[in-house]
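Source file: structure-v4.tsv; contents: TSV, C-alpha atoms and all ligand atoms.
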chain	number	residue	atom	x	y	z
A	21	MET	CA	39.65	-87.27	80.86
A	22	ILE	CA	38.63	-89.65	78.07
A	23	LYS	CA	41.03	-90.34	75.19
A	24	THR	CA	39.51	-91.68	72.01
A	25	ASP	CA	39.98	-91.72	68.23
A	26	VAL	CA	36.85	-89.74	67.41
A	27	VAL	CA	34.25	-87.75	69.32
A	28	VAL	CA	30.93	-87.66	67.50
A	29	ILE	CA	28.78	-84.69	68.48
A	30	GLY	CA	25.14	-85.63	67.97
A	31	ALA	CA	23.36	-88.97	68.33
A	32	GLY	CA	20.91	-88.40	65.48
A	33	PRO	CA	20.66	-90.94	62.64
A	34	VAL	CA	23.73	-89.53	60.90
A	35	GLY	CA	25.92	-89.58	64.03
A	36	LEU	CA	24.82	-93.17	64.68
A	37	PHE	CA	25.72	-94.40	61.23
A	38	ALA	CA	29.07	-92.59	61.46
A	39	VAL	CA	29.76	-94.68	64.58
A	40	HIS	CA	29.23	-97.77	62.43
A	41	GLN	CA	31.55	-96.56	59.69
A	42	LEU	CA	34.22	-95.68	62.27
A	43	GLY	CA	33.74	-99.00	64.05
A	44	ILE	CA	34.23	-101.20	61.01
A	45	ILE	CA	37.56	-99.55	60.24
A	46	GLY	CA	38.65	-100.07	63.83
A	47	LEU	CA	38.30	-96.60	65.32
A	48	LYS	CA	37.04	-95.99	68.85
A	49	THR	CA	34.28	-93.44	69.24
A	50	GLU	CA	32.54	-91.58	72.04
A	51	VAL	CA	29.19	-89.90	71.31
A	52	VAL	CA	27.87	-86.81	73.09
A	53	ASP	CA	24.31	-85.52	72.81
A	54	ASN	CA	22.48	-82.76	74.57
A	55	LEU	CA	19.24	-84.72	74.61
A	56	ASP	CA	18.33	-87.36	77.18
A	57	LYS	CA	17.74	-89.91	74.43
A	58	ILE	CA	19.36	-91.23	71.28
A	59	GLY	CA	17.91	-90.54	67.81
A	60	GLY	CA	17.99	-86.77	67.16
A	61	GLN	CA	15.09	-85.37	65.13
A	62	CYS	CA	13.78	-88.89	64.36
A	63	ILE	CA	13.05	-89.51	68.03
A	64	GLU	CA	12.36	-86.01	69.21
A	65	LEU	CA	10.17	-84.78	66.36
A	66	TYR	CA	8.62	-87.77	64.58
A	67	PRO	CA	9.12	-91.12	66.38
A	68	ASP	CA	5.88	-92.62	65.00
A	69	LYS	CA	5.85	-91.06	61.53
A	70	PRO	CA	6.66	-93.29	58.57
A	71	ILE	CA	9.84	-92.68	56.54
A	72	TYR	CA	9.87	-94.04	52.98
A	73	ASP	CA	13.29	-93.10	51.63
A	74	ILE	CA	15.87	-95.05	53.60
A	75	PRO	CA	17.66	-97.25	51.04
A	76	ALA	CA	16.39	-100.85	51.04
A	77	ILE	CA	13.87	-100.16	53.84
A	78	PRO	CA	10.50	-99.52	52.15
A	79	GLU	CA	8.98	-98.13	55.34
A	80	CYS	CA	10.17	-97.46	58.88
A	81	THR	CA	9.42	-94.93	61.61
A	82	GLY	CA	11.74	-92.48	63.32
A	83	LYS	CA	11.84	-94.84	66.30
A	84	SER	CA	12.36	-98.06	64.36
A	85	LEU	CA	15.12	-96.46	62.27
A	86	THR	CA	16.89	-95.38	65.46
A	87	ASP	CA	16.49	-98.86	66.97
A	88	SER	CA	17.95	-100.48	63.84
A	89	LEU	CA	20.89	-98.08	63.76
A	90	LEU	CA	21.58	-98.86	67.41
A	91	GLU	CA	21.37	-102.59	66.72
A	92	GLN	CA	23.85	-102.17	63.88
A	93	ILE	CA	26.46	-100.50	66.11
A	94	LYS	CA	25.97	-102.82	69.09
A	95	PRO	CA	29.23	-104.73	68.40
A	96	PHE	CA	31.27	-101.57	68.99
A	97	LYS	CA	29.99	-101.04	72.56
A	98	THR	CA	30.07	-97.28	72.04
A	99	ASN	CA	29.72	-94.97	75.04
A	100	PHE	CA	26.93	-92.40	74.81
A	101	HIS	CA	27.18	-89.28	76.96
A	102	LEU	CA	23.61	-87.99	77.01
A	103	ASN	CA	22.26	-84.83	78.60
A	104	GLU	CA	25.60	-83.17	77.84
A	105	ARG	CA	26.18	-80.40	75.38
A	106	VAL	CA	29.60	-80.01	73.84
A	107	GLN	CA	30.51	-76.58	75.03
A	108	GLU	CA	34.12	-75.91	74.06
A	109	VAL	CA	36.52	-77.21	71.46
A	110	SER	CA	40.16	-76.18	71.65
A	111	LYS	CA	43.49	-77.36	70.25
A	112	GLU	CA	45.62	-79.51	72.57
A	113	LYS	CA	48.97	-80.37	70.91
A	114	ASN	CA	48.02	-82.52	67.89
A	115	SER	CA	44.59	-83.31	69.23
A	116	TRP	CA	41.34	-81.61	70.07
A	117	LYS	CA	40.11	-81.01	73.60
A	118	ILE	CA	36.35	-81.26	73.84
A	119	THR	CA	34.63	-80.02	77.00
A	120	THR	CA	30.98	-80.69	77.79
A	121	SER	CA	28.44	-78.76	79.83
A	122	ARG	CA	29.12	-81.20	82.67
A	123	ASN	CA	32.85	-80.51	82.46
A	124	LYS	CA	33.65	-83.90	80.99
A	125	ILE	CA	36.80	-83.68	78.88
A	126	PHE	CA	37.65	-85.73	75.80
A	127	ILE	CA	40.95	-85.71	73.93
A	128	ALA	CA	40.76	-86.88	70.33
A	129	PRO	CA	42.50	-86.24	67.02
A	130	ASN	CA	39.11	-86.12	65.29
A	131	ILE	CA	35.71	-84.59	65.90
A	132	ILE	CA	32.70	-85.36	63.73
A	133	ILE	CA	29.97	-82.79	64.18
A	134	ALA	CA	26.62	-84.44	63.40
A	135	GLY	CA	24.72	-81.73	65.22
A	136	GLY	CA	21.69	-81.47	62.90
A	137	VAL	CA	19.92	-78.19	63.40
A	138	GLY	CA	21.83	-77.60	66.62
A	139	SER	CA	21.17	-78.75	70.13
A	140	PHE	CA	17.59	-79.25	71.18
A	141	GLU	CA	16.89	-77.45	74.40
A	142	PRO	CA	13.76	-77.38	76.51
A	143	ARG	CA	11.75	-74.17	76.49
A	144	LYS	CA	11.98	-72.99	80.10
A	145	PHE	CA	9.87	-71.06	82.62
A	146	GLN	CA	10.34	-67.31	82.13
A	147	ILE	CA	10.14	-66.20	85.75
A	148	LYS	CA	12.54	-64.73	88.30
A	149	GLU	CA	15.01	-66.99	90.17
A	150	VAL	CA	13.88	-70.07	88.29
A	151	GLU	CA	17.50	-71.16	87.54
A	152	LYS	CA	18.15	-71.49	91.26
A	153	PHE	CA	15.75	-74.43	91.43
A	154	GLU	CA	16.67	-76.11	88.14
A	155	ASN	CA	17.27	-79.82	88.78
A	156	ASN	CA	16.47	-79.07	92.40
A	157	GLY	CA	12.70	-79.16	92.20
A	158	ILE	CA	12.26	-77.80	88.68
A	159	PHE	CA	12.73	-80.22	85.79
A	160	TYR	CA	12.19	-80.16	82.04
A	161	SER	CA	12.62	-83.90	81.48
A	162	ILE	CA	12.35	-87.02	83.60
A	163	LYS	CA	15.31	-89.29	83.98
A	164	ASP	CA	13.98	-91.47	86.80
A	165	LYS	CA	10.28	-91.44	87.47
A	166	ASN	CA	10.83	-93.04	90.90
A	167	TYR	CA	12.22	-89.71	92.09
A	168	PHE	CA	8.64	-88.39	92.08
A	169	LYS	CA	7.17	-91.24	94.16
A	170	ASN	CA	4.80	-89.96	96.88
A	171	LYS	CA	5.67	-86.35	96.04
A	172	LYS	CA	3.40	-83.48	95.15
A	173	VAL	CA	4.15	-82.61	91.52
A	174	CYS	CA	2.89	-79.67	89.43
A	175	ILE	CA	3.10	-80.42	85.71
A	176	PHE	CA	2.91	-77.49	83.26
A	177	GLY	CA	2.01	-77.88	79.59
A	178	GLY	CA	-0.76	-79.08	77.33
A	179	GLY	CA	1.08	-81.28	74.82
A	180	ASP	CA	1.77	-84.99	74.73
A	181	SER	CA	4.67	-84.97	77.21
A	182	ALA	CA	2.66	-83.09	79.84
A	183	LEU	CA	-0.37	-85.39	79.43
A	184	ASP	CA	1.63	-88.63	79.27
A	185	TRP	CA	3.65	-87.80	82.37
A	186	ALA	CA	0.58	-86.58	84.27
A	187	ILE	CA	-1.04	-89.97	83.61
A	188	GLU	CA	2.09	-91.94	84.48
A	189	LEU	CA	3.03	-90.04	87.64
A	190	SER	CA	-0.56	-90.05	88.93
A	191	LYS	CA	-0.03	-93.77	89.65
A	192	PHE	CA	2.26	-92.94	92.57
A	193	ALA	CA	2.41	-89.15	93.05
A	194	GLU	CA	-0.01	-86.33	93.76
A	195	VAL	CA	-0.32	-84.63	90.37
A	196	ILE	CA	-1.62	-81.16	89.51
A	197	LEU	CA	-1.72	-80.43	85.78
A	198	VAL	CA	-1.55	-76.72	84.93
A	199	HIS	CA	-2.11	-75.36	81.42
A	200	ARG	CA	-2.58	-71.86	80.07
A	201	ARG	CA	-5.54	-72.91	77.91
A	202	ASN	CA	-8.64	-74.92	78.70
A	203	GLU	CA	-8.00	-77.28	75.77
A	204	PHE	CA	-4.99	-79.63	75.64
A	205	ARG	CA	-3.07	-79.92	72.39
A	206	GLY	CA	-1.79	-83.46	73.02
A	207	ALA	CA	-3.46	-86.63	71.70
A	208	GLU	CA	-7.22	-86.64	72.23
A	209	HIS	CA	-7.05	-90.10	73.77
A	210	SER	CA	-4.54	-88.91	76.43
A	211	ALA	CA	-6.64	-85.81	77.13
A	212	GLN	CA	-9.65	-88.06	77.74
A	213	ILE	CA	-7.68	-90.21	80.21
A	214	VAL	CA	-6.54	-87.10	82.06
A	215	ARG	CA	-10.16	-85.85	82.34
A	216	LYS	CA	-11.25	-89.28	83.56
A	217	LEU	CA	-8.48	-89.33	86.19
A	218	GLU	CA	-9.60	-85.87	87.30
A	219	LYS	CA	-13.16	-87.17	87.82
A	220	GLU	CA	-11.77	-90.08	89.84
A	221	GLY	CA	-9.85	-87.60	92.03
A	222	LYS	CA	-6.44	-88.91	90.88
A	223	ILE	CA	-5.30	-85.72	89.11
A	224	LYS	CA	-6.13	-82.07	89.71
A	225	ILE	CA	-6.40	-79.84	86.65
A	226	LYS	CA	-5.88	-76.07	86.77
A	227	THR	CA	-6.73	-74.21	83.53
A	228	PRO	CA	-6.30	-71.57	82.20
A	229	PHE	CA	-3.37	-70.82	84.49
A	230	GLN	CA	0.30	-69.91	84.12
A	231	ILE	CA	3.09	-69.83	86.64
A	232	GLN	CA	3.66	-66.47	88.30
A	233	SER	CA	6.35	-67.18	90.90
A	234	ILE	CA	8.09	-69.78	93.00
A	235	GLU	CA	8.41	-69.63	96.76
A	236	GLY	CA	11.10	-71.25	98.85
A	237	GLN	CA	14.68	-70.80	99.98
A	238	ASP	CA	16.85	-73.87	99.32
A	239	LYS	CA	14.01	-75.89	97.92
A	240	ILE	CA	10.59	-75.22	96.46
A	241	ALA	CA	7.87	-74.71	99.03
A	242	ALA	CA	5.05	-73.49	96.82
A	243	ILE	CA	4.21	-71.90	93.49
A	244	ILE	CA	1.80	-69.13	92.64
A	245	ILE	CA	-0.24	-69.55	89.49
A	246	LYS	CA	-2.25	-66.85	87.79
A	247	SER	CA	-5.19	-66.98	85.41
A	248	ASP	CA	-5.81	-64.60	82.48
A	249	ASP	CA	-8.35	-62.64	84.54
A	250	GLY	CA	-5.79	-62.03	87.30
A	251	LYS	CA	-6.99	-64.68	89.77
A	252	THR	CA	-4.05	-66.24	91.69
A	253	GLU	CA	-3.66	-69.49	93.62
A	254	ASN	CA	-0.91	-70.62	95.95
A	255	ILE	CA	-0.10	-74.33	95.60
A	256	ALA	CA	2.24	-76.09	98.02
A	257	THR	CA	4.40	-78.46	95.98
A	258	ASP	CA	7.62	-80.49	96.03
A	259	CYS	CA	8.44	-80.40	92.33
A	260	VAL	CA	7.54	-78.55	89.16
A	261	LEU	CA	7.80	-80.08	85.71
A	262	GLY	CA	7.71	-77.89	82.59
A	263	PHE	CA	6.88	-79.47	79.22
A	264	PHE	CA	6.72	-76.57	76.78
A	265	GLY	CA	8.44	-78.22	73.83
A	266	LEU	CA	11.96	-77.81	72.54
A	267	ILE	CA	13.83	-75.03	70.84
A	268	MET	CA	16.68	-75.68	68.46
A	269	LYS	CA	19.80	-73.63	68.93
A	270	LEU	CA	23.02	-73.90	66.99
A	271	GLY	CA	24.46	-73.20	70.42
A	272	PRO	CA	28.17	-73.21	71.23
A	273	ILE	CA	29.17	-74.56	67.78
A	274	VAL	CA	29.34	-70.94	66.58
A	275	GLU	CA	32.23	-70.28	68.96
A	276	TRP	CA	34.61	-72.99	67.75
A	277	GLY	CA	36.27	-70.94	65.01
A	278	LEU	CA	34.55	-72.82	62.19
A	279	ASN	CA	33.47	-71.15	58.97
A	280	LEU	CA	29.71	-70.81	58.98
A	281	ASP	CA	27.17	-70.22	56.24
A	282	LYS	CA	23.95	-69.07	57.89
A	283	LYS	CA	23.35	-71.86	60.40
A	284	THR	CA	25.38	-74.54	58.63
A	285	ILE	CA	29.05	-75.50	58.34
A	286	PRO	CA	30.66	-75.50	54.87
A	287	VAL	CA	32.67	-78.67	54.17
A	288	ASN	CA	34.99	-80.10	51.56
A	289	THR	CA	33.00	-82.90	49.89
A	290	GLU	CA	36.09	-85.07	49.46
A	291	ASN	CA	36.14	-85.90	53.17
A	292	PHE	CA	33.59	-83.60	54.85
A	293	GLN	CA	36.30	-81.73	56.69
A	294	THR	CA	35.54	-78.19	57.84
A	295	ASN	CA	38.08	-75.35	57.73
A	296	LYS	CA	39.83	-77.00	60.72
A	297	GLU	CA	41.92	-80.12	60.22
A	298	GLY	CA	40.39	-83.02	62.15
A	299	ILE	CA	36.97	-81.42	62.52
A	300	PHE	CA	34.36	-82.84	60.18
A	301	ALA	CA	30.69	-81.95	59.75
A	302	ILE	CA	28.03	-84.32	58.39
A	303	GLY	CA	24.26	-84.53	58.18
A	304	ASP	CA	21.90	-81.58	58.36
A	305	ILE	CA	24.54	-79.29	59.86
A	306	CYS	CA	26.90	-79.34	56.89
A	307	THR	CA	26.55	-77.50	53.62
A	308	TYR	CA	28.08	-77.78	50.15
A	309	PRO	CA	26.78	-77.22	46.63
A	310	GLY	CA	23.86	-79.56	46.05
A	311	LYS	CA	23.45	-80.60	49.70
A	312	LEU	CA	20.21	-82.50	50.38
A	313	LYS	CA	19.05	-82.50	54.00
A	314	LEU	CA	18.15	-86.18	53.91
A	315	ILE	CA	19.21	-89.02	56.15
A	316	LEU	CA	20.64	-91.00	53.23
A	317	SER	CA	22.98	-88.11	52.30
A	318	GLY	CA	24.21	-88.01	55.90
A	319	PHE	CA	25.05	-91.72	55.76
A	320	HIS	CA	27.32	-91.19	52.75
A	321	GLU	CA	28.92	-88.14	54.36
A	322	GLY	CA	29.68	-90.18	57.51
A	323	ALA	CA	31.31	-92.95	55.47
A	324	LEU	CA	33.76	-90.52	53.88
A	325	ALA	CA	34.46	-88.57	57.06
A	326	ALA	CA	35.23	-91.84	58.90
A	327	ARG	CA	37.95	-92.76	56.37
A	328	ALA	CA	39.48	-89.30	56.75
A	329	CYS	CA	39.50	-89.72	60.55
A	330	PHE	CA	41.56	-92.90	60.11
A	331	LYS	CA	44.48	-90.91	58.67
A	332	LEU	CA	44.72	-88.68	61.74
A	333	ALA	CA	43.99	-91.40	64.31
A	334	ARG	CA	46.48	-93.90	62.80
A	335	PRO	CA	49.12	-91.72	61.08
A	336	ASN	CA	51.55	-94.64	60.76
A	337	GLU	CA	49.08	-97.07	59.22
A	338	LYS	CA	47.80	-97.21	55.69
A	339	TYR	CA	44.04	-97.32	55.31
A	340	ARG	CA	42.94	-100.30	53.19
A	341	PHE	CA	39.59	-100.22	51.47
A	342	GLU	CA	37.66	-103.41	52.24
A	343	PHE	CA	34.18	-104.80	51.65
A	344	THR	CA	32.22	-105.98	54.69
A	345	THR	CA	31.22	-109.06	52.66
A	346	THR	CA	34.76	-110.33	52.38
A	347	SER	CA	36.94	-108.58	54.98
A	348	LYS	CA	37.95	-110.82	57.88
A	349	SER	CA	39.03	-107.93	60.09
A	350	VAL	CA	35.76	-106.04	59.54
A	351	GLN	CA	33.77	-109.17	60.33
A	352	GLU	CA	35.82	-109.74	63.47
A	353	ARG	CA	35.05	-106.20	64.60
A	354	LEU	CA	31.38	-106.89	63.93
A	355	GLY	CA	31.60	-110.12	65.94
A	356	VAL	CA	30.38	-112.14	62.96
A	357	LYS	CA	30.59	-115.85	63.66
A	358	LYS	CA	32.03	-117.86	60.78
A	359	SER	CA	30.10	-120.94	59.71
A	360	ASP	CA	32.32	-123.28	57.64
B	1	LIG	C1	8.90	-84.06	60.57
B	1	LIG	C2	10.15	-84.45	59.84
B	1	LIG	C3	10.10	-85.47	58.90
B	1	LIG	C4	11.25	-85.86	58.22
B	1	LIG	N1	11.18	-86.87	57.30
B	1	LIG	C5	12.30	-87.29	56.64
B	1	LIG	C6	12.26	-88.34	55.68
B	1	LIG	O1	11.19	-88.88	55.35
B	1	LIG	N2	13.43	-88.73	55.09
B	1	LIG	C7	14.65	-88.14	55.39
B	1	LIG	O2	15.67	-88.57	54.85
B	1	LIG	N3	14.70	-87.12	56.31
B	1	LIG	C8	13.57	-86.69	56.92
B	1	LIG	N4	13.64	-85.64	57.81
B	1	LIG	C9	14.94	-84.98	58.03
B	1	LIG	C10	15.82	-85.84	58.93
B	1	LIG	O3	15.17	-86.08	60.17
B	1	LIG	C11	17.15	-85.13	59.15
B	1	LIG	O4	17.77	-85.00	57.90
B	1	LIG	C12	18.04	-85.96	60.08
B	1	LIG	O5	17.45	-86.09	61.36
B	1	LIG	C13	19.40	-85.31	60.22
B	1	LIG	O6	20.14	-86.12	61.04
B	1	LIG	P1	21.38	-85.57	61.86
B	1	LIG	O7	21.92	-86.77	62.58
B	1	LIG	O8	22.26	-84.81	60.93
B	1	LIG	O9	20.80	-84.49	62.89
B	1	LIG	P2	19.68	-84.55	64.02
B	1	LIG	O10	18.72	-85.66	63.79
B	1	LIG	O11	19.14	-83.17	64.07
B	1	LIG	O12	20.50	-84.86	65.34
B	1	LIG	C14	21.45	-83.93	65.81
B	1	LIG	C15	21.71	-84.17	67.28
B	1	LIG	O13	22.86	-83.39	67.66
B	1	LIG	C16	22.66	-82.91	68.97
B	1	LIG	N5	23.52	-81.73	69.18
B	1	LIG	C17	23.61	-80.60	68.45
B	1	LIG	N6	24.54	-79.76	68.95
B	1	LIG	C18	25.07	-80.38	70.03
B	1	LIG	C19	26.08	-80.03	70.99
B	1	LIG	N7	26.75	-78.87	70.95
B	1	LIG	N8	26.35	-80.93	71.98
B	1	LIG	C20	25.68	-82.10	72.07
B	1	LIG	N9	24.72	-82.47	71.19
B	1	LIG	C21	24.42	-81.63	70.18
B	1	LIG	C22	21.15	-82.60	69.02
B	1	LIG	O14	20.68	-82.60	70.37
B	1	LIG	C23	20.57	-83.75	68.18
B	1	LIG	O15	20.15	-84.85	68.97
B	1	LIG	C24	12.50	-85.22	58.50
B	1	LIG	C25	12.55	-84.20	59.46
B	1	LIG	C26	11.39	-83.82	60.12
B	1	LIG	C27	11.49	-82.71	61.14
Starting from the file, lay out its structure as structure tokens.
Amino acid sequence: MIKTDVVVIGAGPVGLFAVHQLGIIGLKTEVVDNLDKIGGQCIELYPDKPIYDIPAIPECTGKSLTDSLLEQIKPFKTNFHLNERVQEVSKEKNSWKITTSRNKIFIAPNIIIAGGVGSFEPRKFQIKEVEKFENNGIFYSIKDKNYFKNKKVCIFGGGDSALDWAIELSKFAEVILVHRRNEFRGAEHSAQIVRKLEKEGKIKIKTPFQIQSIEGQDKIAAIIIKSDDGKTENIATDCVLGFFGLIMKLGPIVEWGLNLDKKTIPVNTENFQTNKEGIFAIGDICTYPGKLKLILSGFHEGALAARACFKLARPNEKYRFEFTTTSKSVQERLGVKKSD
């Protein structure tokens, strides 16, 4: 069980800046995100696209913005719990009990929901008994590529992830790339490399095929793939990787007793609190009159929510407004070295 001042749900840009605002006022934060990486939509949907409306940064990309936000919160040594969805939120005396999909439990007086459009989840294979093999031969993301060394791996998909991983894993695994169309939709350059590797005998390509079934008891022995004209093939394999893109689901947030307005959470704009004391919502997931779904709005919302968290985390202390330029305690927290 982890006790902390604030649990931030969502490691998108808004959750990251909230960590900064909480850190400079001396609050300890733990961050949980369902994805295997930090950065939310910026990393998952547009890492290389330019953004032109972050204050004082004329141009950055989704990736460089995420990197800068992470650099800015480095002094706070925040723990990130990735690949974990916050599943349940319940009251525990004067605090909140937060339980994740991996049964990790946090106890905190404050929760900041920076959940964007909900949790991103991989689109999965729609065949019988597939759950039985999930993370035991069937994967939708790669945490450690070494796991696939010298294995026979079937990769499904035609987008960038499928192509990039086919190229990467072909360096040390036997790769079969399966796609339901003859054309790939990933970057042309990657598609060309894949075709070249096929000619060199380093990758096998099966198109247009889709998965029909999986064979095996405790582990995968083989898969059967089927083409549009009904032709089937049995392929002995150790692992199956599915890269079919992500779906966004509001997910378990709807079950936490919060007021909802369509797929967003109404908040009080004084402190971004929801209808539950100690639960705040910021960024794309919150709504109020005039809400703009922009990163810069989320930064402001996080700043106000952080100050409200202070009251519940330190009920016997008075919050003092301070500028980072002149506050000694803030600068100490940031690890700023004084030059006389
Ligand atoms: C193509 C594109 C271009 C854009 N360009 C701009 C732009 O130029 N300028 C601009 O200001 N904005 C832009 N936006 C919008 C901007 O990306 C969003 O406003 C911003 O990402 C919102 O940040 P967030 O932190 O609120 O949510 P998100 O970035 O959506 O992050 C939310 C995170 O919460 C996680 N999460 C949700 N529920 C749970 C749960 N139960 N448990 C664990 N984790 C959970 C998700 O996995 C996700 O990682 C663009 C968006 C897109 C799609």
- Note on the structure: Using all atoms listed in the file, the shortest atom-to-atom distance to ligand LIG 1 (chain B) among A:Gly135, A:Pro142, A:Pro78, A:Gly310 belongs to A:Gly135
- Fewer than 5 positions away in the same chain doesn't count, so skip those; otherwise give me all residues within 12 Å of Leu354 (chain A), counting only C-alpha atoms, as an MDAnalysis selection string. chainID A and resid 40:46 91:97 344:345 347:349
Report as AutoDock Vina command-line options the centre and the edge lengths, in Å to one decimal, of the axis-aligned box holding every listed atom of region 121-130 of chain A, padded by 8 Å on each side.
--center_x 35.5 --center_y -82.8 --center_z 74.0 --size_x 30.1 --size_y 24.1 --size_z 33.4
- Item | d(CA of Lys144 (chain A), CA of Asn99 (chain A)) in Å |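 Here the two named atoms are 28.7 Å from each other.
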Do a neighbour search on region 236-248 of chain A at 10 Å with only C-alpha atoms, toss out local chain neighbours closer than 2 positions, and write the hits as a PDB file with C-alpha atoms, in the frame of the given file.
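Below is the file that was written, result_32.pdb:
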ATOM      1  CA  LYS A 152      18.150 -71.490  91.260  1.00  0.00           C
ATOM      2  CA  PHE A 153      15.750 -74.430  91.430  1.00  0.00           C
ATOM      3  CA  ASN A 156      16.470 -79.070  92.400  1.00  0.00           C
ATOM      4  CA  GLY A 157      12.700 -79.160  92.200  1.00  0.00           C
ATOM      5  CA  ILE A 158      12.260 -77.800  88.680  1.00  0.00           C
ATOM      6  CA  CYS A 174       2.890 -79.670  89.430  1.00  0.00           C
ATOM      7  CA  VAL A 198      -1.550 -76.720  84.930  1.00  0.00           C
ATOM      8  CA  HIS A 199      -2.110 -75.360  81.420  1.00  0.00           C
ATOM      9  CA  ARG A 200      -2.580 -71.860  80.070  1.00  0.00           C
ATOM     10  CA  ARG A 201      -5.540 -72.910  77.910  1.00  0.00           C
ATOM     11  CA  LYS A 226      -5.880 -76.070  86.770  1.00  0.00           C
ATOM     12  CA  THR A 227      -6.730 -74.210  83.530  1.00  0.00           C
ATOM     13  CA  PRO A 228      -6.300 -71.570  82.200  1.00  0.00           C
ATOM     14  CA  PHE A 229      -3.370 -70.820  84.490  1.00  0.00           C
ATOM     15  CA  GLN A 230       0.300 -69.910  84.120  1.00  0.00           C
ATOM     16  CA  ILE A 231       3.090 -69.830  86.640  1.00  0.00           C
ATOM     17  CA  GLN A 232       3.660 -66.470  88.300  1.00  0.00           C
ATOM     18  CA  SER A 233       6.350 -67.180  90.900  1.00  0.00           C
ATOM     19  CA  ILE A 234       8.090 -69.780  93.000  1.00  0.00           C
ATOM     20  CA  GLY A 250      -5.790 -62.030  87.300  1.00  0.00           C
ATOM     21  CA  LYS A 251      -6.990 -64.680  89.770  1.00  0.00           C
ATOM     22  CA  THR A 252      -4.050 -66.240  91.690  1.00  0.00           C
ATOM     23  CA  GLU A 253      -3.660 -69.490  93.620  1.00  0.00           C
ATOM     24  CA  ASN A 254      -0.910 -70.620  95.950  1.00  0.00           C
ATOM     25  CA  ILE A 255      -0.100 -74.330  95.600  1.00  0.00           C
ATOM     26  CA  ALA A 256       2.240 -76.090  98.020  1.00  0.00           C
ATOM     27  CA  THR A 257       4.400 -78.460  95.980  1.00  0.00           C
ATOM     28  CA  ASP A 258       7.620 -80.490  96.030  1.00  0.00           C
ATOM     29  CA  CYS A 259       8.440 -80.400  92.330  1.00  0.00           C
ATOM     30  CA  VAL A 260       7.540 -78.550  89.160  1.00  0.00           C
TER      31      VAL A 260
END
- Message: Using Å and a single decimal, report how far atom O10 of ligand LIG 1 (chain B) sits from CA of Leu316 (chain A).
- Response: 12.0 Å
- Which of these, A:Lys313, A:His320, A:Lys269, A:Arg105, has the shortest distance to Ile125 (chain A) once you count all atoms listed in the file? A:Arg105
Residues contacting ligand LIG 1 (chain B) - anything with an atom at most 7 Å away, using all atoms listed in the file - can you give me those as a tab-separated table (two decimals) with C-alpha atoms, in the coordinates of the input?
chain	number	residue	atom	x	y	z
A	29	ILE	CA	28.78	-84.69	68.48
A	30	GLY	CA	25.14	-85.63	67.97
A	31	ALA	CA	23.36	-88.97	68.33
A	32	GLY	CA	20.91	-88.40	65.48
A	33	PRO	CA	20.66	-90.94	62.64
A	34	VAL	CA	23.73	-89.53	60.90
A	35	GLY	CA	25.92	-89.58	64.03
A	52	VAL	CA	27.87	-86.81	73.09
A	53	ASP	CA	24.31	-85.52	72.81
A	54	ASN	CA	22.48	-82.76	74.57
A	55	LEU	CA	19.24	-84.72	74.61
A	58	ILE	CA	19.36	-91.23	71.28
A	59	GLY	CA	17.91	-90.54	67.81
A	60	GLY	CA	17.99	-86.77	67.16
A	61	GLN	CA	15.09	-85.37	65.13
A	62	CYS	CA	13.78	-88.89	64.36
A	65	LEU	CA	10.17	-84.78	66.36
A	66	TYR	CA	8.62	-87.77	64.58
A	71	ILE	CA	9.84	-92.68	56.54
A	72	TYR	CA	9.87	-94.04	52.98
A	73	ASP	CA	13.29	-93.10	51.63
A	74	ILE	CA	15.87	-95.05	53.60
A	104	GLU	CA	25.60	-83.17	77.84
A	105	ARG	CA	26.18	-80.40	75.38
A	106	VAL	CA	29.60	-80.01	73.84
A	107	GLN	CA	30.51	-76.58	75.03
A	134	ALA	CA	26.62	-84.44	63.40
A	135	GLY	CA	24.72	-81.73	65.22
A	136	GLY	CA	21.69	-81.47	62.90
A	137	VAL	CA	19.92	-78.19	63.40
A	138	GLY	CA	21.83	-77.60	66.62
A	139	SER	CA	21.17	-78.75	70.13
A	140	PHE	CA	17.59	-79.25	71.18
A	270	LEU	CA	23.02	-73.90	66.99
A	271	GLY	CA	24.46	-73.20	70.42
A	272	PRO	CA	28.17	-73.21	71.23
A	273	ILE	CA	29.17	-74.56	67.78
A	302	ILE	CA	28.03	-84.32	58.39
A	303	GLY	CA	24.26	-84.53	58.18
A	304	ASP	CA	21.90	-81.58	58.36
A	305	ILE	CA	24.54	-79.29	59.86
A	313	LYS	CA	19.05	-82.50	54.00
A	314	LEU	CA	18.15	-86.18	53.91
A	315	ILE	CA	19.21	-89.02	56.15
A	316	LEU	CA	20.64	-91.00	53.23
A	318	GLY	CA	24.21	-88.01	55.90
- Message: Would you pick out the contacts of Asn279 (chain A) at 10 Å or less, using all atoms listed in the file, so that residues sharing its chain but fewer than 5 positions from it are not included, and give the list as a ChimeraX atom specification?
- Response: /A:274,284-287,294-296
- Query: Interatomic distance between CA of Ile225 (chain A) and CA of Lys172 (chain A)?
  - Reply: 13.5 Å
- Task: Using all atoms listed in the file, determine which residues lie at most 7 Å from region 213-224 of chain A, disregarding the query and same-chain residues fewer than 4 positions distant; provide the list as a VMD selection string.
- Result: chain A and resid 183 187 190 195 to 197 209
- Item | Contacts of Val51 (chain A) at 6 Å (all atoms listed in the file; same-chain gap of 5+ positions) as a list in words |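 Returned residues: Val27, Val28, Ile29 and Phe100 of chain A.
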Would you mind exporting C-alpha atoms of the selected residues as a PDB file, keeping the file's coordinate frame?
ATOM      1  CA  VAL A  27      34.250 -87.750  69.320  1.00  0.00           C
ATOM      2  CA  VAL A  28      30.930 -87.660  67.500  1.00  0.00           C
ATOM      3  CA  ILE A  29      28.780 -84.690  68.480  1.00  0.00           C
ATOM      4  CA  PHE A 100      26.930 -92.400  74.810  1.00  0.00           C
TER       5      PHE A 100
END
